[in-house]
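Q: The structure file entry.tsv (TSV, C-alpha atoms) is provided below.
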chain	number	residue	atom	x	y	z
G	23	MET	CA	11.39	-9.23	18.04
G	24	ALA	CA	7.84	-10.15	18.94
G	25	SER	CA	6.57	-12.87	21.24
G	26	VAL	CA	3.29	-14.74	20.77
G	27	THR	CA	1.22	-16.34	23.51
G	28	ARG	CA	-1.97	-18.36	23.10
G	29	ALA	CA	-4.90	-18.80	25.51
G	30	ALA	CA	-8.60	-19.72	25.52
G	31	PHE	CA	-10.88	-16.67	25.22
G	32	GLY	CA	-14.33	-18.26	25.47
G	33	GLU	CA	-16.71	-20.98	24.32
G	34	LEU	CA	-19.20	-20.47	21.51
G	35	PRO	CA	-22.80	-21.39	22.44
G	36	SER	CA	-24.28	-24.84	21.61
G	37	GLY	CA	-20.90	-26.51	21.16
G	38	GLY	CA	-19.75	-24.10	18.46
G	39	GLY	CA	-16.13	-24.46	19.53
G	40	THR	CA	-13.45	-22.66	21.53
G	41	VAL	CA	-12.40	-19.14	20.64
G	42	GLU	CA	-8.71	-18.55	21.29
G	43	LYS	CA	-6.81	-15.34	21.97
G	44	PHE	CA	-3.33	-14.65	20.61
G	45	GLN	CA	-1.25	-11.98	22.28
G	46	LEU	CA	1.49	-10.43	20.13
G	47	GLN	CA	4.02	-8.38	22.05
G	48	SER	CA	6.99	-6.26	20.97
G	49	ASP	CA	8.95	-3.65	22.89
G	50	LEU	CA	6.47	-1.00	21.71
G	51	LEU	CA	3.10	-2.70	21.14
G	52	ARG	CA	0.84	-5.35	22.59
G	53	VAL	CA	-1.96	-6.69	20.41
G	54	ASP	CA	-4.68	-9.22	21.31
G	55	ILE	CA	-6.41	-11.03	18.43
G	56	ILE	CA	-9.10	-13.71	18.73
G	57	SER	CA	-9.99	-16.49	16.30
G	58	TRP	CA	-13.63	-15.32	16.14
G	59	GLY	CA	-13.65	-13.02	13.10
G	60	CYS	CA	-9.83	-12.56	13.31
G	61	THR	CA	-10.80	-9.75	15.68
G	62	ILE	CA	-8.35	-7.31	17.27
G	63	THR	CA	-9.68	-7.02	20.84
G	64	ALA	CA	-6.93	-4.86	22.37
G	65	LEU	CA	-3.96	-2.81	21.18
G	66	GLU	CA	-1.74	-1.21	23.81
G	67	VAL	CA	0.49	1.69	22.78
G	68	LYS	CA	2.72	3.87	24.95
G	69	ASP	CA	2.32	7.64	25.08
G	70	ARG	CA	5.24	10.07	25.21
G	71	GLN	CA	5.54	9.50	28.97
G	72	GLY	CA	5.85	5.76	28.37
G	73	ARG	CA	2.36	5.01	29.73
G	74	ALA	CA	0.53	2.29	27.82
G	75	SER	CA	-3.16	2.61	26.91
G	76	ASP	CA	-5.48	0.37	24.92
G	77	VAL	CA	-6.39	2.37	21.79
G	78	VAL	CA	-9.06	0.13	20.19
G	79	LEU	CA	-12.75	-0.13	21.08
G	80	GLY	CA	-14.09	-3.56	21.99
G	81	PHE	CA	-15.09	-6.00	24.71
G	82	ALA	CA	-13.33	-7.90	27.48
G	83	GLU	CA	-15.43	-11.06	26.98
G	84	LEU	CA	-16.55	-13.16	24.04
G	85	GLU	CA	-20.23	-12.42	24.79
G	86	GLY	CA	-19.63	-8.81	23.78
G	87	TYR	CA	-18.58	-9.87	20.30
G	88	LEU	CA	-21.51	-12.28	19.86
G	89	GLN	CA	-24.13	-9.58	20.45
G	90	LYS	CA	-25.25	-7.13	17.78
G	91	GLN	CA	-22.30	-4.71	17.57
G	92	PRO	CA	-20.64	-2.60	14.86
G	93	TYR	CA	-17.86	-4.96	13.71
G	94	PHE	CA	-15.37	-3.85	16.41
G	95	GLY	CA	-11.87	-4.98	15.35
G	96	ALA	CA	-13.07	-7.68	12.96
G	97	VAL	CA	-12.00	-8.84	9.52
G	98	ILE	CA	-14.72	-8.07	6.97
G	99	GLY	CA	-15.53	-10.25	3.95
G	100	ARG	CA	-16.28	-11.70	1.46
G	101	VAL	CA	-16.91	-8.10	0.35
G	102	ALA	CA	-16.34	-5.18	2.71
G	103	ASN	CA	-18.56	-2.11	2.51
G	104	ARG	CA	-21.80	-1.76	0.55
G	105	ILE	CA	-23.17	-3.49	-2.55
G	106	ALA	CA	-26.09	-1.56	-4.00
G	107	LYS	CA	-29.43	-3.34	-3.47
G	108	GLY	CA	-27.49	-6.54	-2.67
G	109	THR	CA	-27.28	-7.57	-6.32
G	110	PHE	CA	-24.50	-7.90	-8.89
G	111	LYS	CA	-23.78	-9.73	-12.13
G	112	VAL	CA	-20.81	-11.95	-12.93
G	113	ASP	CA	-20.44	-13.23	-16.51
G	114	GLY	CA	-24.11	-12.48	-17.19
G	115	LYS	CA	-25.45	-14.31	-14.13
G	116	GLU	CA	-27.23	-12.28	-11.45
G	117	TYR	CA	-26.51	-12.88	-7.76
G	118	HIS	CA	-28.66	-11.79	-4.82
G	119	LEU	CA	-27.27	-11.12	-1.34
G	120	ALA	CA	-29.04	-10.52	1.97
G	121	ILE	CA	-30.16	-6.93	2.46
G	122	ASN	CA	-28.73	-6.42	5.95
G	123	LYS	CA	-28.47	-2.61	5.84
G	124	GLU	CA	-31.55	-1.36	4.01
G	125	PRO	CA	-31.62	-1.19	1.01
G	126	ASN	CA	-28.09	-2.61	0.49
G	127	SER	CA	-25.84	-5.50	1.44
G	128	LEU	CA	-23.15	-4.47	3.94
G	129	HIS	CA	-19.86	-6.08	5.03
G	130	GLY	CA	-20.39	-9.57	3.63
G	131	GLY	CA	-24.00	-10.10	4.71
G	132	VAL	CA	-25.83	-11.48	7.73
G	133	ARG	CA	-23.01	-13.83	8.72
G	134	GLY	CA	-19.88	-12.39	7.18
G	135	PHE	CA	-16.25	-13.29	7.86
G	136	ASP	CA	-16.52	-11.35	11.15
G	137	LYS	CA	-19.03	-13.87	12.56
G	138	VAL	CA	-17.20	-17.17	11.99
G	139	LEU	CA	-14.51	-19.14	13.78
G	140	TRP	CA	-11.19	-19.18	11.92
G	141	THR	CA	-8.41	-21.78	12.13
G	142	PRO	CA	-5.27	-20.31	13.72
G	143	GLN	CA	-1.60	-21.11	13.20
G	144	VAL	CA	1.02	-19.52	15.43
G	145	LEU	CA	4.02	-17.92	13.68
G	146	SER	CA	7.30	-16.76	15.23
G	147	ASN	CA	6.17	-13.10	15.17
G	148	GLY	CA	2.41	-13.35	14.74
G	149	VAL	CA	-0.56	-15.53	13.86
G	150	GLN	CA	-2.18	-16.68	10.62
G	151	PHE	CA	-5.91	-17.43	10.43
G	152	SER	CA	-7.48	-19.42	7.61
G	153	ARG	CA	-10.90	-20.59	6.51
G	154	ILE	CA	-12.76	-21.87	3.48
G	155	SER	CA	-15.84	-19.87	2.58
G	156	PRO	CA	-18.13	-22.41	0.88
G	157	ASP	CA	-19.71	-21.89	-2.55
G	158	GLY	CA	-22.91	-19.89	-2.06
G	159	GLU	CA	-22.03	-18.58	1.42
G	160	GLU	CA	-24.10	-15.41	1.93
G	161	GLY	CA	-25.06	-15.65	-1.76
G	162	TYR	CA	-21.53	-15.32	-3.18
G	163	PRO	CA	-20.39	-17.59	-6.05
G	164	GLY	CA	-17.66	-20.20	-5.67
G	165	GLU	CA	-15.55	-21.50	-2.84
G	166	LEU	CA	-13.02	-19.04	-1.44
G	167	LYS	CA	-9.90	-20.04	0.48
G	168	VAL	CA	-8.79	-17.19	2.75
G	169	TRP	CA	-5.69	-16.48	4.85
G	170	VAL	CA	-5.35	-13.47	7.17
G	171	THR	CA	-1.92	-12.98	8.76
G	172	TYR	CA	-1.08	-10.59	11.58
G	173	THR	CA	2.59	-9.95	12.31
G	174	LEU	CA	4.24	-7.56	14.74
G	175	GLY	CA	7.63	-5.86	14.62
G	176	GLY	CA	8.54	-2.88	16.80
G	177	GLY	CA	5.73	-0.34	16.55
G	178	GLU	CA	4.21	-1.85	13.42
G	179	LEU	CA	1.28	-4.25	13.08
G	180	VAL	CA	1.09	-5.77	9.58
G	181	VAL	CA	-2.08	-7.38	8.23
G	182	ASN	CA	-1.87	-9.48	5.06
G	183	TYR	CA	-4.93	-10.86	3.27
G	184	ARG	CA	-4.76	-13.65	0.69
G	185	ALA	CA	-7.54	-15.47	-1.13
G	186	GLN	CA	-8.06	-18.00	-3.94
G	187	ALA	CA	-11.39	-18.66	-5.66
G	188	SER	CA	-12.90	-21.67	-7.42
G	189	GLN	CA	-15.24	-19.41	-9.44
G	190	VAL	CA	-15.26	-15.75	-10.40
G	191	THR	CA	-16.32	-13.78	-7.30
G	192	PRO	CA	-15.95	-10.28	-5.91
G	193	VAL	CA	-13.47	-10.13	-2.98
G	194	ASN	CA	-12.70	-7.12	-0.79
G	195	LEU	CA	-11.18	-7.76	2.65
G	196	THR	CA	-10.46	-5.25	5.41
G	197	ASN	CA	-10.15	-4.82	9.16
G	198	HIS	CA	-12.80	-2.79	11.00
G	199	SER	CA	-10.87	-1.64	14.11
G	200	TYR	CA	-12.14	1.50	15.82
G	201	PHE	CA	-9.26	3.57	17.22
G	202	ASN	CA	-9.10	6.29	19.84
G	203	LEU	CA	-5.51	7.41	20.40
G	204	ALA	CA	-6.42	9.04	23.72
G	205	GLY	CA	-7.30	5.52	24.90
G	206	GLN	CA	-10.49	3.55	24.38
G	207	GLY	CA	-13.29	4.85	26.58
G	208	SER	CA	-12.28	8.48	25.94
G	209	PRO	CA	-15.48	10.36	25.04
G	210	ASN	CA	-14.58	11.53	21.51
G	211	ILE	CA	-11.92	11.90	18.83
G	212	TYR	CA	-12.33	15.65	18.25
G	213	ASP	CA	-8.75	16.42	19.39
G	214	HIS	CA	-7.24	14.02	16.81
G	215	GLU	CA	-5.37	15.51	13.85
G	216	VAL	CA	-6.11	13.60	10.66
G	217	THR	CA	-4.27	13.51	7.31
G	218	ILE	CA	-5.42	11.37	4.36
G	219	GLU	CA	-3.27	11.16	1.24
G	220	ALA	CA	-6.09	11.37	-1.32
G	221	ASP	CA	-6.72	13.83	-4.16
G	222	THR	CA	-10.19	12.40	-4.85
G	223	TYR	CA	-13.06	10.80	-2.93
G	224	LEU	CA	-16.38	9.13	-3.73
G	225	PRO	CA	-19.54	11.18	-3.14
G	226	VAL	CA	-22.44	8.97	-1.97
G	227	ASP	CA	-26.22	8.92	-2.12
G	228	GLU	CA	-28.44	8.92	0.98
G	229	THR	CA	-27.94	5.13	1.36
G	230	LEU	CA	-24.11	5.63	1.31
G	231	ILE	CA	-23.66	4.04	-2.14
G	232	PRO	CA	-21.15	5.91	-4.35
G	233	ILE	CA	-22.97	7.84	-7.10
G	234	GLY	CA	-20.20	6.93	-9.55
G	235	GLU	CA	-18.38	10.24	-9.61
G	236	VAL	CA	-14.71	10.38	-8.57
G	237	ALA	CA	-14.63	13.91	-7.14
G	238	PRO	CA	-11.61	16.12	-6.41
G	239	VAL	CA	-11.18	16.92	-2.70
G	240	GLN	CA	-9.78	20.37	-3.54
G	241	GLY	CA	-11.85	23.10	-1.88
G	242	THR	CA	-14.16	20.64	-0.05
G	243	ALA	CA	-14.52	19.21	3.47
G	244	PHE	CA	-12.84	16.08	2.09
G	245	ASP	CA	-9.48	17.75	1.53
G	246	LEU	CA	-7.50	16.11	4.33
G	247	ARG	CA	-4.14	16.23	2.54
G	248	LYS	CA	-2.87	18.61	5.24
G	249	PRO	CA	-3.62	17.81	8.91
G	250	VAL	CA	-7.01	18.93	10.24
G	251	GLU	CA	-8.22	18.84	13.82
G	252	LEU	CA	-11.27	16.64	13.54
G	253	GLY	CA	-13.73	18.36	15.89
G	254	LYS	CA	-13.11	21.84	14.52
G	255	HIS	CA	-13.18	20.52	10.93
G	256	LEU	CA	-16.57	18.81	11.40
G	257	GLN	CA	-17.91	22.03	12.95
G	258	ASP	CA	-16.51	24.31	10.26
G	259	PHE	CA	-18.09	22.23	7.49
G	260	HIS	CA	-21.29	21.33	9.41
G	261	LEU	CA	-20.61	17.63	8.93
G	262	ASN	CA	-22.23	14.80	10.91
G	263	GLY	CA	-18.98	12.88	10.44
G	264	PHE	CA	-17.13	10.98	7.74
G	265	ASP	CA	-18.18	7.66	6.24
G	266	HIS	CA	-16.55	7.95	2.84
G	267	ASN	CA	-14.09	6.21	0.56
G	268	PHE	CA	-10.95	8.20	-0.16
G	269	CYS	CA	-9.21	7.23	-3.40
G	270	LEU	CA	-5.52	6.41	-2.94
G	271	LYS	CA	-2.70	5.89	-5.43
G	272	GLY	CA	-3.56	3.20	-7.95
G	273	SER	CA	-0.31	1.29	-7.48
G	274	LYS	CA	-0.21	-2.24	-6.04
G	275	GLU	CA	2.94	-1.24	-4.12
G	276	LYS	CA	2.94	-0.11	-0.49
G	277	HIS	CA	1.84	3.53	-0.33
G	278	PHE	CA	1.12	6.05	2.42
G	279	CYS	CA	-2.57	6.26	3.25
G	280	ALA	CA	-3.23	8.23	6.42
G	281	ARG	CA	-1.74	9.71	9.58
G	282	VAL	CA	-3.56	10.46	12.81
G	283	HIS	CA	-1.85	12.40	15.60
G	284	HIS	CA	-3.17	12.85	19.14
G	285	ALA	CA	-1.24	15.85	20.46
G	286	ALA	CA	-2.11	15.44	24.16
G	287	SER	CA	-0.63	11.92	24.42
G	288	GLY	CA	1.84	12.23	21.53
G	289	ARG	CA	0.54	9.03	19.93
G	290	VAL	CA	0.72	8.78	16.16
G	291	LEU	CA	-0.85	6.17	13.88
G	292	GLU	CA	0.34	5.96	10.28
G	293	VAL	CA	-1.39	3.65	7.81
G	294	TYR	CA	0.24	2.29	4.66
G	295	THR	CA	-1.47	-0.10	2.25
G	296	THR	CA	-1.46	-1.77	-1.17
G	297	GLN	CA	-5.21	-1.09	-1.51
G	298	PRO	CA	-6.72	1.56	-3.84
G	299	GLY	CA	-9.02	3.05	-1.19
G	300	VAL	CA	-9.68	3.71	2.47
G	301	GLN	CA	-13.04	4.18	4.17
G	302	PHE	CA	-12.61	6.89	6.78
G	303	TYR	CA	-15.41	6.43	9.30
G	304	THR	CA	-15.83	8.53	12.43
G	305	GLY	CA	-18.17	6.28	14.44
G	306	ASN	CA	-21.29	8.21	13.44
G	307	PHE	CA	-23.59	5.28	14.30
G	308	LEU	CA	-22.14	4.68	17.79
G	309	ASP	CA	-24.79	5.71	20.33
G	310	GLY	CA	-23.49	4.91	23.80
G	311	THR	CA	-25.64	1.80	24.30
G	312	LEU	CA	-22.80	-0.75	24.17
G	313	LYS	CA	-20.74	-1.44	27.29
G	314	GLY	CA	-17.11	-1.89	26.37
G	315	LYS	CA	-13.86	-2.77	28.15
G	316	ASN	CA	-13.40	-1.43	31.71
G	317	GLY	CA	-16.99	-0.18	31.79
G	318	ALA	CA	-16.40	2.16	28.82
G	319	ILE	CA	-19.37	3.41	26.85
G	320	TYR	CA	-18.96	4.30	23.22
G	321	PRO	CA	-20.93	7.40	22.19
G	322	LYS	CA	-21.03	8.88	18.70
G	323	HIS	CA	-17.57	9.93	17.45
G	324	SER	CA	-15.70	8.02	20.20
G	325	GLY	CA	-13.62	6.05	17.68
G	326	PHE	CA	-12.46	6.22	14.06
G	327	CYS	CA	-11.86	3.55	11.42
G	328	LEU	CA	-9.41	3.58	8.52
G	329	GLU	CA	-10.67	0.60	6.53
G	330	THR	CA	-8.23	0.02	3.67
G	331	GLN	CA	-10.22	-1.51	0.83
G	332	ASN	CA	-11.31	-1.55	-2.76
G	333	TRP	CA	-13.94	1.08	-3.51
G	334	PRO	CA	-17.52	0.45	-2.31
G	335	ASP	CA	-19.95	-1.12	-4.82
G	336	ALA	CA	-17.04	-1.68	-7.25
G	337	VAL	CA	-18.76	-4.86	-8.49
G	338	ASN	CA	-21.51	-2.65	-9.99
G	339	GLN	CA	-19.32	0.26	-11.14
G	340	PRO	CA	-17.10	-0.77	-14.06
G	341	HIS	CA	-14.87	2.34	-13.88
G	342	PHE	CA	-13.89	1.53	-10.25
G	343	PRO	CA	-10.80	-0.64	-9.61
G	344	PRO	CA	-11.44	-4.31	-10.48
G	345	VAL	CA	-12.89	-6.34	-7.61
G	346	LEU	CA	-13.42	-9.73	-9.28
G	347	LEU	CA	-11.07	-12.58	-8.40
G	348	ARG	CA	-10.77	-15.36	-11.00
G	349	PRO	CA	-9.73	-18.98	-10.55
G	350	GLY	CA	-5.93	-19.31	-10.81
G	351	GLU	CA	-5.37	-15.75	-9.54
G	352	GLU	CA	-4.49	-14.76	-5.99
G	353	TYR	CA	-5.95	-11.87	-4.05
G	354	ASP	CA	-3.04	-10.47	-2.02
G	355	HIS	CA	-3.17	-7.19	-0.11
G	356	THR	CA	-1.31	-5.82	2.90
G	357	THR	CA	-1.95	-2.98	5.32
G	358	TRP	CA	0.60	-1.61	7.81
G	359	PHE	CA	-0.44	0.14	11.05
G	360	LYS	CA	2.60	1.99	12.38
G	361	PHE	CA	2.50	3.49	15.88
G	362	SER	CA	4.94	6.04	17.26
G	363	VAL	CA	5.07	9.12	19.50
G	364	ALA	CA	5.69	12.71	18.49
Can the structure in the file be given as structure tokens, please?
A:
Amino acid sequence: MASVTRAAFGELPSGGGTVEKFQLQSDLLRVDIISWGCTITALEVKDRQGRASDVVLGFAELEGYLQKQPYFGAVIGRVANRIAKGTFKVDGKEYHLAINKEPNSLHGGVRGFDKVLWTPQVLSNGVQFSRISPDGEEGYPGELKVWVTYTLGGGELVVNYRAQASQVTPVNLTNHSYFNLAGQGSPNIYDHEVTIEADTYLPVDETLIPIGEVAPVQGTAFDLRKPVELGKHLQDFHLNGFDHNFCLKGSKEKHFCARVHHAASGRVLEVYTTQPGVQFYTGNFLDGTLKGKNGAIYPKHSGFCLETQNWPDAVNQPHFPPVLLRPGEEYDHTTWFKFSVA
């Protein structure tokens, strides 16, 4: 069973409202989530000795989340990842989004779902956040009703995303938590063993937009079907890091996505999802300038993300999985983060 407690986390400037923190606790996990961006601010997991450490990057105070920062722990929408040149067409009409990561639109725009206050509702084993994204918000067509639900049971944190649209619109929701299984504030993730259950991945151009090819991982640096030690793997293949979409099974059912094992602590994270893709990102843009929890600094490669999602730029690539949500339909996806020790 999980318990849920609720407390104030901070006040938004100029009377913007109160941000609340919800603490979900089970016998194995403790998770803190705030109503600003549905953001996971802490996630405590025991190691094989029974010692708990916080394994997500982030800030102790609200101010940290209001500054320019790389989406630590937040829900991303209306469309996660990149849309080429910030434009797309729906039913013959062209839409233009803010170019917030030259020359593309990234993670929902200038003020995406990560930078708004959500309405919380406490559940017996978690919390549900909801909001209505108005027609035209960040350039997207139609009103979108959204519900994000976090529930906790044992060592498993479950995140469910639902949405309903008044007009045809692209929708792609994810969570952008940065993990370090050695404990947040540890200098890098090189000693993490990573497995991703994907036979294909999406090669990208220099602006990180998929070129359209669905490429086999076989014989490449992207073959993570058997565990690789991250630091050695990046060295062996002369890679700056990963920031790529791995293509998962096409089924809408729950399927295995990834496993990360930190041998020194024994912590294991397994990710399951209903989504067709996962963006594996190794914190390549972190540069040590942000001050995190307990005085931590976050240099390059000090955290990894497994952002379960539809494929990037799917709205402009007809052979990618469908990303358009139509009135009368429901967007409904779930991702499971399962923690254990080995």
Q: Might you pull out every residue within 10 Å of region 23-36 of chain G, with all atoms listed in the file counted and same-chain residues fewer than 5 positions away left off, and present them as an NGL selection string?
A: :G and (41-58 or 82-85 or 88 or 139 or 144-149 or 173-176)
Q: Hey, which of G:His355, G:His323, G:Arg133, G:Lys360 ends up closest to Tyr183 (chain G)? Count all atoms listed in the file.
A: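 Of the candidates, the smallest distance to Tyr183 (chain G) is held by G:His355.
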Q: Show me, as a Markdown table, the residues of region 169-236 of chain G having an atom within 7 Å of region 266-283 of chain G, each with the closest atom pair and its distance in Å, using only C-alpha atoms.
A:
| residue | atom | partner | partner_atom | distance |
| --- | --- | --- | --- | --- |
| G:His214 | CA | G:His283 | CA | 5.8 |
| G:Glu215 | CA | G:His283 | CA | 5.0 |
| G:Val216 | CA | G:Val282 | CA | 4.6 |
| G:Thr217 | CA | G:Arg281 | CA | 5.1 |
| G:Ile218 | CA | G:Ala280 | CA | 4.3 |
| G:Glu219 | CA | G:Cys279 | CA | 5.3 |
| G:Ala220 | CA | G:Leu270 | CA | 5.2 |
| G:Thr222 | CA | G:Cys269 | CA | 5.5 |
| G:Tyr223 | CA | G:Phe268 | CA | 4.3 |
| G:Leu224 | CA | G:Asn267 | CA | 5.7 |
Q: Next, dump the selected residues to file, keeping only C-alpha atoms, as a PDB file, in the frame of the given file.
A:
ATOM      1  CA  HIS G 214      -7.240  14.020  16.810  1.00  0.00           C
ATOM      2  CA  GLU G 215      -5.370  15.510  13.850  1.00  0.00           C
ATOM      3  CA  VAL G 216      -6.110  13.600  10.660  1.00  0.00           C
ATOM      4  CA  THR G 217      -4.270  13.510   7.310  1.00  0.00           C
ATOM      5  CA  ILE G 218      -5.420  11.370   4.360  1.00  0.00           C
ATOM      6  CA  GLU G 219      -3.270  11.160   1.240  1.00  0.00           C
ATOM      7  CA  ALA G 220      -6.090  11.370  -1.320  1.00  0.00           C
ATOM      8  CA  THR G 222     -10.190  12.400  -4.850  1.00  0.00           C
ATOM      9  CA  TYR G 223     -13.060  10.800  -2.930  1.00  0.00           C
ATOM     10  CA  LEU G 224     -16.380   9.130  -3.730  1.00  0.00           C
TER      11      LEU G 224
END
Q: Around the point (-11.2, 3.6, -7.4) (coordinates from the file), which residues reach within 6 Å if we count only C-alpha atoms? Answer as a PyMOL selection string.
A: chain G and resi 269+333+342-343
Q: How close does region 186-229 of chain G get to region 295-319 of chain G? List, as a tab-separated table, each residue of region 186-229 of chain G within 10 Å, its nearest atom pair and the distance in Å to one decimal, counting only C-alpha atoms.
A:
residue	atom	partner	partner_atom	distance
G:Asn194	CA	G:Gln297	CA	9.6
G:Leu195	CA	G:Gln297	CA	9.9
G:Thr196	CA	G:Val300	CA	9.5
G:His198	CA	G:Tyr303	CA	9.7
G:Tyr200	CA	G:Gly305	CA	7.8
G:Phe201	CA	G:Thr304	CA	9.5
G:Gln206	CA	G:Ala318	CA	7.5
G:Gly207	CA	G:Ala318	CA	4.7
G:Ser208	CA	G:Ala318	CA	8.1
G:Pro209	CA	G:Ile319	CA	8.2
G:Asn210	CA	G:Gly305	CA	9.5
G:Ile211	CA	G:Thr304	CA	8.2
G:Tyr212	CA	G:Thr304	CA	9.8
G:Ile218	CA	G:Phe302	CA	8.8
G:Glu219	CA	G:Val300	CA	9.9
G:Ala220	CA	G:Gly299	CA	8.8
G:Tyr223	CA	G:Gly299	CA	8.9
G:Leu224	CA	G:Gly299	CA	9.9
Q: Which residue is closest to Thr63 (chain G)? Choose from G:Cys327, G:Tyr320, G:Ala204, G:Ala96 and count all atoms listed in the file.
A: G:Ala96
Q: Between CA of Leu65 (chain G) and CA of Leu179 (chain G), measure the distance and give it in Å to one decimal.
A: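 Going from CA of Leu65 (chain G) over to CA of Leu179 (chain G) covers 9.8 Å.
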Q: Considering all atoms listed in the file, can you say which of G:Phe135, G:His341, G:Val363, G:Leu291 comes closest to Val236 (chain G)?
A: G:His341
Q: Could you tell me how far CA of Arg73 (chain G) lies from CA of Asn202 (chain G), in Å and to one decimal?
A: 15.2 Å
Q: Nearest to Phe361 (chain G) among G:Ile231, G:Val290, G:Leu203, G:Val180, with distances taken over all atoms listed in the file: which residue is it?
A: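 Among G:Ile231, G:Val290, G:Leu203, G:Val180, it is G:Val290 that comes nearest to Phe361 (chain G).
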Q: Could you list, as an NGL selection string, every residue within 10 Å of Asn197 (chain G), counting all atoms listed in the file and ignoring same-chain residues fewer than 2 positions away?
A: :G and (59-62 or 93-99 or 102 or 136 or 181 or 183 or 195 or 199-200 or 327-331 or 357)
Q: So that I can check the surroundings of Gln150 (chain G), please list as an mmCIF file with C-alpha atoms, in the frame of the given file every protein, DNA and RNA residue that reaches within 7 Å of it, counting all atoms listed in the file and ignoring chain neighbours fewer than 3 positions away.
A:
data_model
loop_
_atom_site.group_PDB
_atom_site.id
_atom_site.type_symbol
_atom_site.label_atom_id
_atom_site.label_comp_id
_atom_site.auth_asym_id
_atom_site.auth_seq_id
_atom_site.Cartn_x
_atom_site.Cartn_y
_atom_site.Cartn_z
ATOM 1 C CA PRO G 142 -5.270 -20.310 13.720
ATOM 2 C CA GLN G 143 -1.600 -21.110 13.200
ATOM 3 C CA VAL G 144 1.020 -19.520 15.430
ATOM 4 C CA TRP G 169 -5.690 -16.480 4.850
ATOM 5 C CA VAL G 170 -5.350 -13.470 7.170
ATOM 6 C CA THR G 171 -1.920 -12.980 8.760
ATOM 7 C CA TYR G 172 -1.080 -10.590 11.580
#
Q: For Asp258 (chain G), list every protein, DNA or RNA residue within 9 Å, evaluated using all atoms listed in the file, and leave out those in the same chain fewer than 4 positions away; present the list as a PyMOL selection string.
A: chain G and resi 243+253-254
Q: As a count of residues only, please: the residues near Asp69 (chain G) (cut-off 6 Å, only C-alpha atoms, same-chain neighbours under 5 positions excluded).
A: 3
Q: Would you pull region 330-340 of chain G out of the block just shown and save N, CA, C and O atoms as a CSV table (one decimal), in the first residue's frame?
A:
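Result went into decode-v1.csv, see below:
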chain,number,residue,atom,x,y,z
G,330,THR,N,9.6,7.9,-22.7
G,330,THR,CA,8.7,7.1,-23.5
G,330,THR,C,7.8,8.0,-24.3
G,330,THR,O,7.3,9.0,-23.7
G,331,GLN,N,7.6,7.7,-25.6
G,331,GLN,CA,7.0,8.7,-26.4
G,331,GLN,C,6.6,8.2,-27.8
G,331,GLN,O,7.0,7.0,-28.1
G,332,ASN,N,5.8,9.0,-28.5
G,332,ASN,CA,5.7,8.7,-30.0
G,332,ASN,C,7.0,9.2,-30.6
G,332,ASN,O,7.8,9.9,-30.0
G,333,TRP,N,7.3,8.9,-31.9
G,333,TRP,CA,8.6,9.2,-32.5
G,333,TRP,C,8.6,10.7,-32.8
G,333,TRP,O,7.6,11.3,-33.1
G,334,PRO,N,9.8,11.3,-32.6
G,334,PRO,CA,10.0,12.7,-32.9
G,334,PRO,C,9.6,13.1,-34.3
G,334,PRO,O,9.8,12.4,-35.3
G,335,ASP,N,9.0,14.3,-34.4
G,335,ASP,CA,8.5,14.9,-35.7
G,335,ASP,C,7.6,14.0,-36.5
G,335,ASP,O,7.4,14.1,-37.7
G,336,ALA,N,6.8,13.1,-35.7
G,336,ALA,CA,5.9,12.2,-36.3
G,336,ALA,C,4.8,13.0,-37.1
G,336,ALA,O,4.3,12.5,-38.1
G,337,VAL,N,4.5,14.2,-36.7
G,337,VAL,CA,3.4,15.0,-37.4
G,337,VAL,C,3.8,15.3,-38.8
G,337,VAL,O,3.0,15.6,-39.7
G,338,ASN,N,5.1,15.3,-39.1
G,338,ASN,CA,5.6,15.6,-40.5
G,338,ASN,C,6.1,14.4,-41.2
G,338,ASN,O,6.6,14.5,-42.3
G,339,GLN,N,6.0,13.2,-40.6
G,339,GLN,CA,6.6,12.0,-41.2
G,339,GLN,C,5.5,10.9,-41.2
G,339,GLN,O,5.3,10.2,-40.3
G,340,PRO,N,4.8,10.8,-42.4
G,340,PRO,CA,3.6,10.0,-42.4
G,340,PRO,C,3.8,8.5,-42.2
G,340,PRO,O,2.9,7.8,-41.8
